[in-house]
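Contents: one structure, followed by commentary.
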Number of protein chains: 2
Amino acid sequence: MKKLINSPNTFVRESLEGMARAHPDLVRVHFDPTFVYRADAPVLGKVALISGGGSGHEPMHGGFVGHGMLDAACPGEVFTSPTPDQMHEAAKAVHGGAGVLFLVKNYAGDVMNFEMATELAHAEGLQIASVLVDDDVAVKDSLYTQGRRGVGATVLVEKICGAAAQKGYDLARLTTLARRAALNGRSMGMALTSCTVPAKGSPTFELGEGEMEVGIGIHGEPGRQRMPLAPADSIADMLSQAILDDPAYTRTIREWDPSTAAWKEISLVSEPLRRGDRVVAFVNSMGGTPLAELYVLYRRLDEACAGSGIHIERTLIGPYITSLEMQGASLTLLRVDDEMLGLWDAPVKTPGLRWGI
Amino acid sequence: MKKLINSPNTFVRESLEGMARAHPDLVRVHFDPTFVYRADAPVLGKVALISGGGSGHEPMHGGFVGHGMLDAACPGEVFTSPTPDQMHEAAKAVHGGAGVLFLVKNYAGDVMNFEMATELAHAEGLQIASVLVDDDVAVKDSLYTQGRRGVGATVLVEKICGAAAQKGYDLARLTTLARRAALNGRSMGMALTSCTVPAKGSPTFELGEGEMEVGIGIHGEPGRQRMPLAPADSIADMLSQAILDDPAYTRTIREWDPSTAAWKEISLVSEPLRRGDRVVAFVNSMGGTPLAELYVLYRRLDEACAGSGIHIERTLIGPYITSLEMQGASLTLLRVDDEMLGLWDAPVKTPGLRWGI
């Protein structure tokens, strides 16, 4: 295992310490329980937006804490869900009196722990809501997930909702927006190589020299198929067609309803992409794939969207939701309207994403 | 060779096409000869800042074209210098009547070709100057270089000088600033793995599972020593001590003097870092090393600087001057004064670096 770390046991903590030292104007890190939070938290009168998940996907989520995005992020160990007390303590630390929204990627551990944290926070009198992101069209149910996994769209939903929270949306309006943004995102990824979780010390899976894994999850979970390595254009076509051809998808999920203070099952329909739709297009590196290759993929994605009558309004190209040093990429298309586009363009100032400020 | 490309022959062109499509508001790409240029070029009355070099180091340089940074960048094939006609045509295309400054990394091919382009541009009546960046403390003379190689400081010099050009510095003042910025930068890098140039198809060098290369260049040139893999803190110490302990360095270089329209040899002294100095600290991924590991290095660099009485005023952490998919990292410290710090903070809007706008 070749990594720039001191020890698997100290990796996450030392990385967070480094981030806090590198960006003292933007973020602070609280340890035991561990969460990253805005240097200016709590922002009074603003809904606090909180996310979290296993480490190893940096800059997500801790790198998205700051003005116009998250108020706090709870990092677990590598590829391991954070615990309810992290989420609960983060909520108590950063809420500004206008409630808290948890943005949760659809992984069984994250979902369970955020549910427990929601109940804990409610019991303490916090007004709280939660929204699930589940945008991965590759598989229905997976190694760690019931339903679709939460992947690339998470970054875009955090940006859009972070801007809305910054702008003063109240908890009900922000929750509605978050649900709508999540429902409009579709992603699929692929890997050329595996990655190595430090504590394990050996690759998560094996791929032959001439092989790739299509439809992979962000922890190296198996995807749709293992197949011979193909040219970048064929890979871009495979991923973009899976996204563009994905039919309407009905999901039944549990969301915490702050008005009744109870869980309710709701059915939501994710409408397919249609000719004339406007999108934010996101080409993401799994960590080890360099930027120049992402642009080769984008070139083809741009052609595919043009061919399907999909208008790319904005782009995000780079390593934003990674799987350690894995080589590979994912594509995300998130349908936007004027409101979401305005929120996308709004100023953001975090370690991992910054513009307009 | 596992890469997201279609063919080694089309890789650079397709990547540039993708970049142009992804950022139509920021950059355009001209082909045959090939250069990336600001979408709003020429900016009348502004000195045009132009850099270039081999591809495979993205986002540098093409990703740094835009408001507040470069006016144009000339990409060669992977790890291959661009040609004089690229630089010459770029200068003609983007100059705004106030002269052109070439920022050149110290590699023999780049130096020679920028010198030819300088003479060509002068012959056509353009007012032109050139400044060399040579910040790599690892080796004196290298496989492709006489003197120190130009590495990480290039990114910081481009940012600072780009802001100055945007602000209206004239050619003489900008040249003086560029020289001063370049003289104040020191860098050193290391690699955990090699990289593979697409046209070659096999790794540039071989490193054993338990080995690393310290002092490596951005094309995989040999460094100071090959040694057993060490903990991140030891690596950060090795690199930061080499930078912090680097003595005064006198270099004799050729610079084009626009006032006499001739080359002149000048001797410049790069003063060592001293207690009380203020710096921009830059922790760079060679491409395949994920962000979380860079923060582990930064944590230790921050300690080392504090111990030496060096004040880190700003940080840049991420993959900005890469070597394809190589795993490894480099550290750069660039001493700044109030003027340079103000220019660092000035708004920038490029595909690869953006804030304040």
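Residues in the structure tokens are numbered from 1 in each chain, the chains being A, B, ... in the order shown, and ligands are numbered from 1 in the order shown.
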
Problem - 9 Å contact set for Met326 in chain B, only C-alpha atoms, chain neighbours under 5 positions out, as a ChimeraX atom specification - result: /A:288 /B:191-196,220,285-289

Problem - Distance query Val12 in chain B at most 9 Å, only C-alpha atoms, self and fewer than 2 positions along chain excluded, as a PyMOL selection string - result: (chain A and resi 292+296) or (chain B and resi 8-10+14-17+55-56+75-78)

Mind listing as a CSV table (one decimal) with all heavy atoms, in the first residue's frame which residues of chain A are within 6 Å of chain B, counting only C-alpha atoms?
```csv
chain,number,residue,atom,x,y,z
A,4,LEU,N,0.5,8.6,1.3
A,4,LEU,CA,1.1,9.6,2.1
A,4,LEU,C,0.4,9.7,3.4
A,4,LEU,O,-0.4,10.7,3.6
A,4,LEU,CB,1.1,10.9,1.3
A,4,LEU,CG,2.0,10.9,0.0
A,4,LEU,CD1,1.8,12.1,-0.8
A,4,LEU,CD2,3.5,10.7,0.4
A,5,ILE,N,0.6,8.8,4.2
A,5,ILE,CA,-0.1,8.8,5.6
A,5,ILE,C,1.0,8.3,6.6
A,5,ILE,O,2.0,7.8,6.2
A,5,ILE,CB,-1.3,7.8,5.6
A,5,ILE,CG1,-0.9,6.4,5.5
A,5,ILE,CG2,-2.3,8.2,4.6
A,5,ILE,CD1,-2.0,5.4,5.7
A,6,ASN,N,0.6,8.6,7.8
A,6,ASN,CA,1.5,8.1,8.9
A,6,ASN,C,1.1,6.7,9.4
A,6,ASN,O,1.9,5.8,9.6
A,6,ASN,CB,1.5,9.1,10.1
A,6,ASN,CG,2.2,10.4,9.6
A,6,ASN,OD1,3.4,10.4,9.2
A,6,ASN,ND2,1.5,11.5,9.7
A,14,GLU,N,-5.6,13.2,11.3
A,14,GLU,CA,-4.5,14.1,10.8
A,14,GLU,C,-4.9,14.9,9.6
A,14,GLU,O,-4.5,16.0,9.4
A,14,GLU,CB,-3.2,13.3,10.6
A,14,GLU,CG,-2.6,12.8,11.9
A,14,GLU,CD,-1.4,11.9,11.7
A,14,GLU,OE1,-1.2,11.4,10.6
A,14,GLU,OE2,-0.7,11.6,12.7
A,15,SER,N,-5.6,14.2,8.7
A,15,SER,CA,-6.1,14.9,7.5
A,15,SER,C,-7.0,16.1,7.9
A,15,SER,O,-6.9,17.2,7.3
A,15,SER,CB,-6.8,13.9,6.6
A,15,SER,OG,-7.2,14.6,5.4
A,18,GLY,N,-5.0,18.9,9.3
A,18,GLY,CA,-4.4,19.6,8.3
A,18,GLY,C,-5.3,20.6,7.6
A,18,GLY,O,-5.0,21.7,7.3
A,19,MET,N,-6.6,20.1,7.3
A,19,MET,CA,-7.6,20.9,6.7
A,19,MET,C,-7.9,22.1,7.5
A,19,MET,O,-8.0,23.3,7.1
A,19,MET,CB,-8.8,20.2,6.4
A,19,MET,CG,-9.8,21.0,5.5
A,19,MET,SD,-11.2,20.1,4.9
A,19,MET,CE,-12.1,19.8,6.4
A,231,PRO,N,-12.4,2.6,-25.3
A,231,PRO,CA,-12.0,4.0,-25.5
A,231,PRO,C,-12.9,4.9,-24.7
A,231,PRO,O,-14.0,4.6,-24.3
A,231,PRO,CB,-12.2,4.2,-27.0
A,231,PRO,CG,-12.2,2.8,-27.6
A,231,PRO,CD,-12.8,1.9,-26.5
A,232,ALA,N,-12.3,6.1,-24.4
A,232,ALA,CA,-13.0,7.1,-23.5
A,232,ALA,C,-14.4,7.4,-24.1
A,232,ALA,O,-15.4,7.6,-23.3
A,232,ALA,CB,-12.2,8.3,-23.4
A,287,GLY,N,-10.6,10.1,-8.1
A,287,GLY,CA,-9.4,10.4,-7.3
A,287,GLY,C,-8.1,10.3,-8.0
A,287,GLY,O,-7.3,11.2,-8.0
A,288,GLY,N,-7.9,9.2,-8.7
A,288,GLY,CA,-6.6,9.0,-9.4
A,288,GLY,C,-6.6,9.3,-10.9
A,288,GLY,O,-5.6,9.2,-11.5
A,290,PRO,N,-6.6,11.9,-13.8
A,290,PRO,CA,-6.2,13.3,-14.0
A,290,PRO,C,-7.3,14.1,-14.8
A,290,PRO,O,-8.0,13.6,-15.6
A,290,PRO,CB,-4.9,13.3,-14.7
A,290,PRO,CG,-4.8,12.0,-15.4
A,290,PRO,CD,-5.7,11.0,-14.6
A,292,ALA,N,-7.1,16.1,-17.3
A,292,ALA,CA,-7.0,16.1,-18.8
A,292,ALA,C,-7.9,15.0,-19.3
A,292,ALA,O,-8.6,15.1,-20.4
A,292,ALA,CB,-5.6,15.9,-19.3
A,293,GLU,N,-8.0,13.8,-18.6
A,293,GLU,CA,-8.9,12.7,-19.1
A,293,GLU,C,-10.3,13.1,-18.8
A,293,GLU,O,-11.2,12.6,-19.6
A,293,GLU,CB,-8.5,11.4,-18.4
A,293,GLU,CG,-7.1,11.0,-18.7
A,293,GLU,CD,-6.6,9.7,-18.0
A,293,GLU,OE1,-7.4,8.9,-17.6
A,293,GLU,OE2,-5.4,9.6,-17.9
A,295,TYR,N,-11.7,15.9,-19.2
A,295,TYR,CA,-12.1,16.7,-20.3
A,295,TYR,C,-12.4,15.9,-21.6
A,295,TYR,O,-13.2,16.3,-22.4
A,295,TYR,CB,-11.1,17.8,-20.6
A,295,TYR,CG,-11.2,19.0,-19.7
A,295,TYR,CD1,-10.1,19.4,-19.0
A,295,TYR,CD2,-12.4,19.7,-19.5
A,295,TYR,CE1,-10.2,20.5,-18.1
A,295,TYR,CE2,-12.5,20.8,-18.6
A,295,TYR,CZ,-11.4,21.2,-17.9
A,295,TYR,OH,-11.5,22.2,-17.1
A,296,VAL,N,-11.6,14.8,-21.8
A,296,VAL,CA,-11.9,13.9,-22.9
A,296,VAL,C,-13.3,13.4,-22.8
A,296,VAL,O,-14.1,13.3,-23.7
A,296,VAL,CB,-10.9,12.8,-23.0
A,296,VAL,CG1,-11.3,11.8,-24.1
A,296,VAL,CG2,-9.5,13.4,-23.3
A,298,TYR,N,-15.8,14.8,-21.0
A,298,TYR,CA,-16.7,15.8,-21.1
A,298,TYR,C,-17.1,16.2,-22.6
A,298,TYR,O,-18.2,16.4,-22.9
A,298,TYR,CB,-16.3,17.1,-20.4
A,298,TYR,CG,-17.3,18.2,-20.6
A,298,TYR,CD1,-18.5,18.1,-19.8
A,298,TYR,CD2,-17.2,19.1,-21.6
A,298,TYR,CE1,-19.5,19.0,-20.0
A,298,TYR,CE2,-18.3,20.0,-21.8
A,298,TYR,CZ,-19.4,20.0,-21.0
A,298,TYR,OH,-20.5,20.8,-21.3
A,299,ARG,N,-16.0,16.1,-23.4
A,299,ARG,CA,-16.2,16.4,-24.8
A,299,ARG,C,-17.3,15.5,-25.4
A,299,ARG,O,-18.2,16.0,-26.1
A,299,ARG,CB,-14.9,16.1,-25.5
A,299,ARG,CG,-14.9,16.2,-27.0
A,299,ARG,CD,-13.5,15.9,-27.5
A,299,ARG,NE,-13.5,15.7,-29.0
A,299,ARG,CZ,-13.7,14.5,-29.6
A,299,ARG,NH1,-14.1,13.5,-28.8
A,299,ARG,NH2,-13.7,14.4,-30.9
A,324,LEU,N,-10.8,7.6,-2.6
A,324,LEU,CA,-9.4,7.5,-2.3
A,324,LEU,C,-8.6,7.7,-3.6
A,324,LEU,O,-8.9,8.7,-4.3
A,324,LEU,CB,-9.0,6.2,-1.6
A,324,LEU,CG,-9.7,6.0,-0.3
A,324,LEU,CD1,-9.6,4.6,0.2
A,324,LEU,CD2,-9.0,6.9,0.8
A,325,GLU,N,-7.7,6.8,-4.0
A,325,GLU,CA,-6.9,7.0,-5.2
A,325,GLU,C,-7.4,6.3,-6.4
A,325,GLU,O,-6.7,6.1,-7.4
A,325,GLU,CB,-5.4,6.6,-4.9
A,325,GLU,CG,-5.2,5.1,-4.7
A,325,GLU,CD,-5.7,4.5,-3.4
A,325,GLU,OE1,-6.2,5.2,-2.6
A,325,GLU,OE2,-5.7,3.3,-3.3
A,354,ARG,N,-15.3,27.1,-4.6
A,354,ARG,CA,-15.3,28.6,-4.3
A,354,ARG,C,-15.5,29.4,-5.6
A,354,ARG,O,-14.8,29.1,-6.6
A,354,ARG,CB,-14.0,29.0,-3.7
A,354,ARG,CG,-14.0,30.4,-3.2
A,354,ARG,CD,-12.8,30.8,-2.4
A,354,ARG,NE,-12.8,32.2,-2.3
A,354,ARG,CZ,-11.7,32.9,-1.8
A,354,ARG,NH1,-10.6,32.3,-1.4
A,354,ARG,NH2,-11.8,34.2,-1.7
A,355,TRP,N,-16.4,30.3,-5.5
A,355,TRP,CA,-16.5,31.3,-6.6
A,355,TRP,C,-17.4,32.5,-6.1
A,355,TRP,O,-18.1,32.4,-5.1
A,355,TRP,CB,-17.1,30.8,-7.9
A,355,TRP,CG,-18.4,30.1,-7.9
A,355,TRP,CD1,-19.6,30.7,-7.7
A,355,TRP,CD2,-18.7,28.7,-8.1
A,355,TRP,NE1,-20.6,29.8,-7.8
A,355,TRP,CE2,-20.1,28.6,-8.0
A,355,TRP,CE3,-17.8,27.6,-8.4
A,355,TRP,CZ2,-20.6,27.3,-8.2
A,355,TRP,CZ3,-18.4,26.4,-8.5
A,355,TRP,CH2,-19.8,26.2,-8.5
A,356,GLY,N,-17.2,33.6,-6.7
A,356,GLY,CA,-18.1,34.8,-6.5
A,356,GLY,C,-17.8,35.5,-5.2
A,356,GLY,O,-18.5,36.4,-4.8
A,357,ILE,N,-16.8,35.1,-4.5
A,357,ILE,CA,-16.6,35.7,-3.1
A,357,ILE,C,-15.1,35.4,-2.7
A,357,ILE,O,-14.5,34.4,-3.2
A,357,ILE,CB,-17.5,35.1,-2.1
A,357,ILE,CG1,-17.5,35.8,-0.8
A,357,ILE,CG2,-17.3,33.6,-1.9
A,357,ILE,CD1,-18.6,35.3,0.2
```

Spatial neighbours of range 108-122 of chain A, max dist 8 Å, only C-alpha atoms, sep filter under 2 positions, as a PDB file with C-alpha atoms, in the first residue's frame:
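Below you can see part-v4.pdb, which holds the result:
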```
ATOM      1  CA  GLY A  52     -21.706  13.578   6.431  1.00  0.00           C
ATOM      2  CA  GLY A  53     -20.513  10.148   5.495  1.00  0.00           C
ATOM      3  CA  THR A  80     -17.528   4.017   7.293  1.00  0.00           C
ATOM      4  CA  SER A  81     -20.620   5.909   8.363  1.00  0.00           C
ATOM      5  CA  PRO A  82     -20.238   8.589  11.010  1.00  0.00           C
ATOM      6  CA  THR A  83     -22.088   7.963  14.262  1.00  0.00           C
ATOM      7  CA  PRO A  84     -25.327   9.552  15.463  1.00  0.00           C
ATOM      8  CA  ASP A  85     -23.543  11.465  18.218  1.00  0.00           C
ATOM      9  CA  MET A  87     -24.420  14.373  13.748  1.00  0.00           C
ATOM     10  CA  HIS A  88     -26.278  15.281  16.903  1.00  0.00           C
ATOM     11  CA  ALA A  91     -26.460  20.018  14.889  1.00  0.00           C
ATOM     12  CA  LYS A  92     -26.323  21.433  18.395  1.00  0.00           C
ATOM     13  CA  PHE A 102     -29.700  16.745   7.210  1.00  0.00           C
ATOM     14  CA  VAL A 104     -28.117  12.107   3.586  1.00  0.00           C
ATOM     15  CA  LYS A 105     -26.557   9.953   0.877  1.00  0.00           C
ATOM     16  CA  ASN A 106     -28.445   6.704   0.479  1.00  0.00           C
ATOM     17  CA  GLU A 124     -33.556  18.150  22.480  1.00  0.00           C
ATOM     18  CA  GLY A 125     -35.987  20.570  20.927  1.00  0.00           C
ATOM     19  CA  LEU A 126     -34.280  21.203  17.602  1.00  0.00           C
ATOM     20  CA  GLN A 127     -36.483  21.673  14.577  1.00  0.00           C
ATOM     21  CA  ILE A 128     -35.109  19.128  12.160  1.00  0.00           C
ATOM     22  CA  ALA A 129     -35.716  17.685   8.701  1.00  0.00           C
ATOM     23  CA  SER A 130     -33.903  15.219   6.466  1.00  0.00           C
ATOM     24  CA  TYR A 144     -24.550  -1.362   1.219  1.00  0.00           C
ATOM     25  CA  THR A 145     -27.798   0.131  -0.012  1.00  0.00           C
ATOM     26  CA  GLN A 146     -31.449  -0.459  -0.463  1.00  0.00           C
ATOM     27  CA  TRP A 256     -38.662  13.092   9.129  1.00  0.00           C
ATOM     28  CA  ALA A 261     -42.320  15.103  14.581  1.00  0.00           C
TER      29      ALA A 261
END
```

Handout entry: Between CA of Val36 in chain B and CA of Pro24 in chain B - distance in Å to one decimal
Key =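 Calculated distance between CA of Pro24 in chain B and CA of Val36 in chain B is 11.5 Å.
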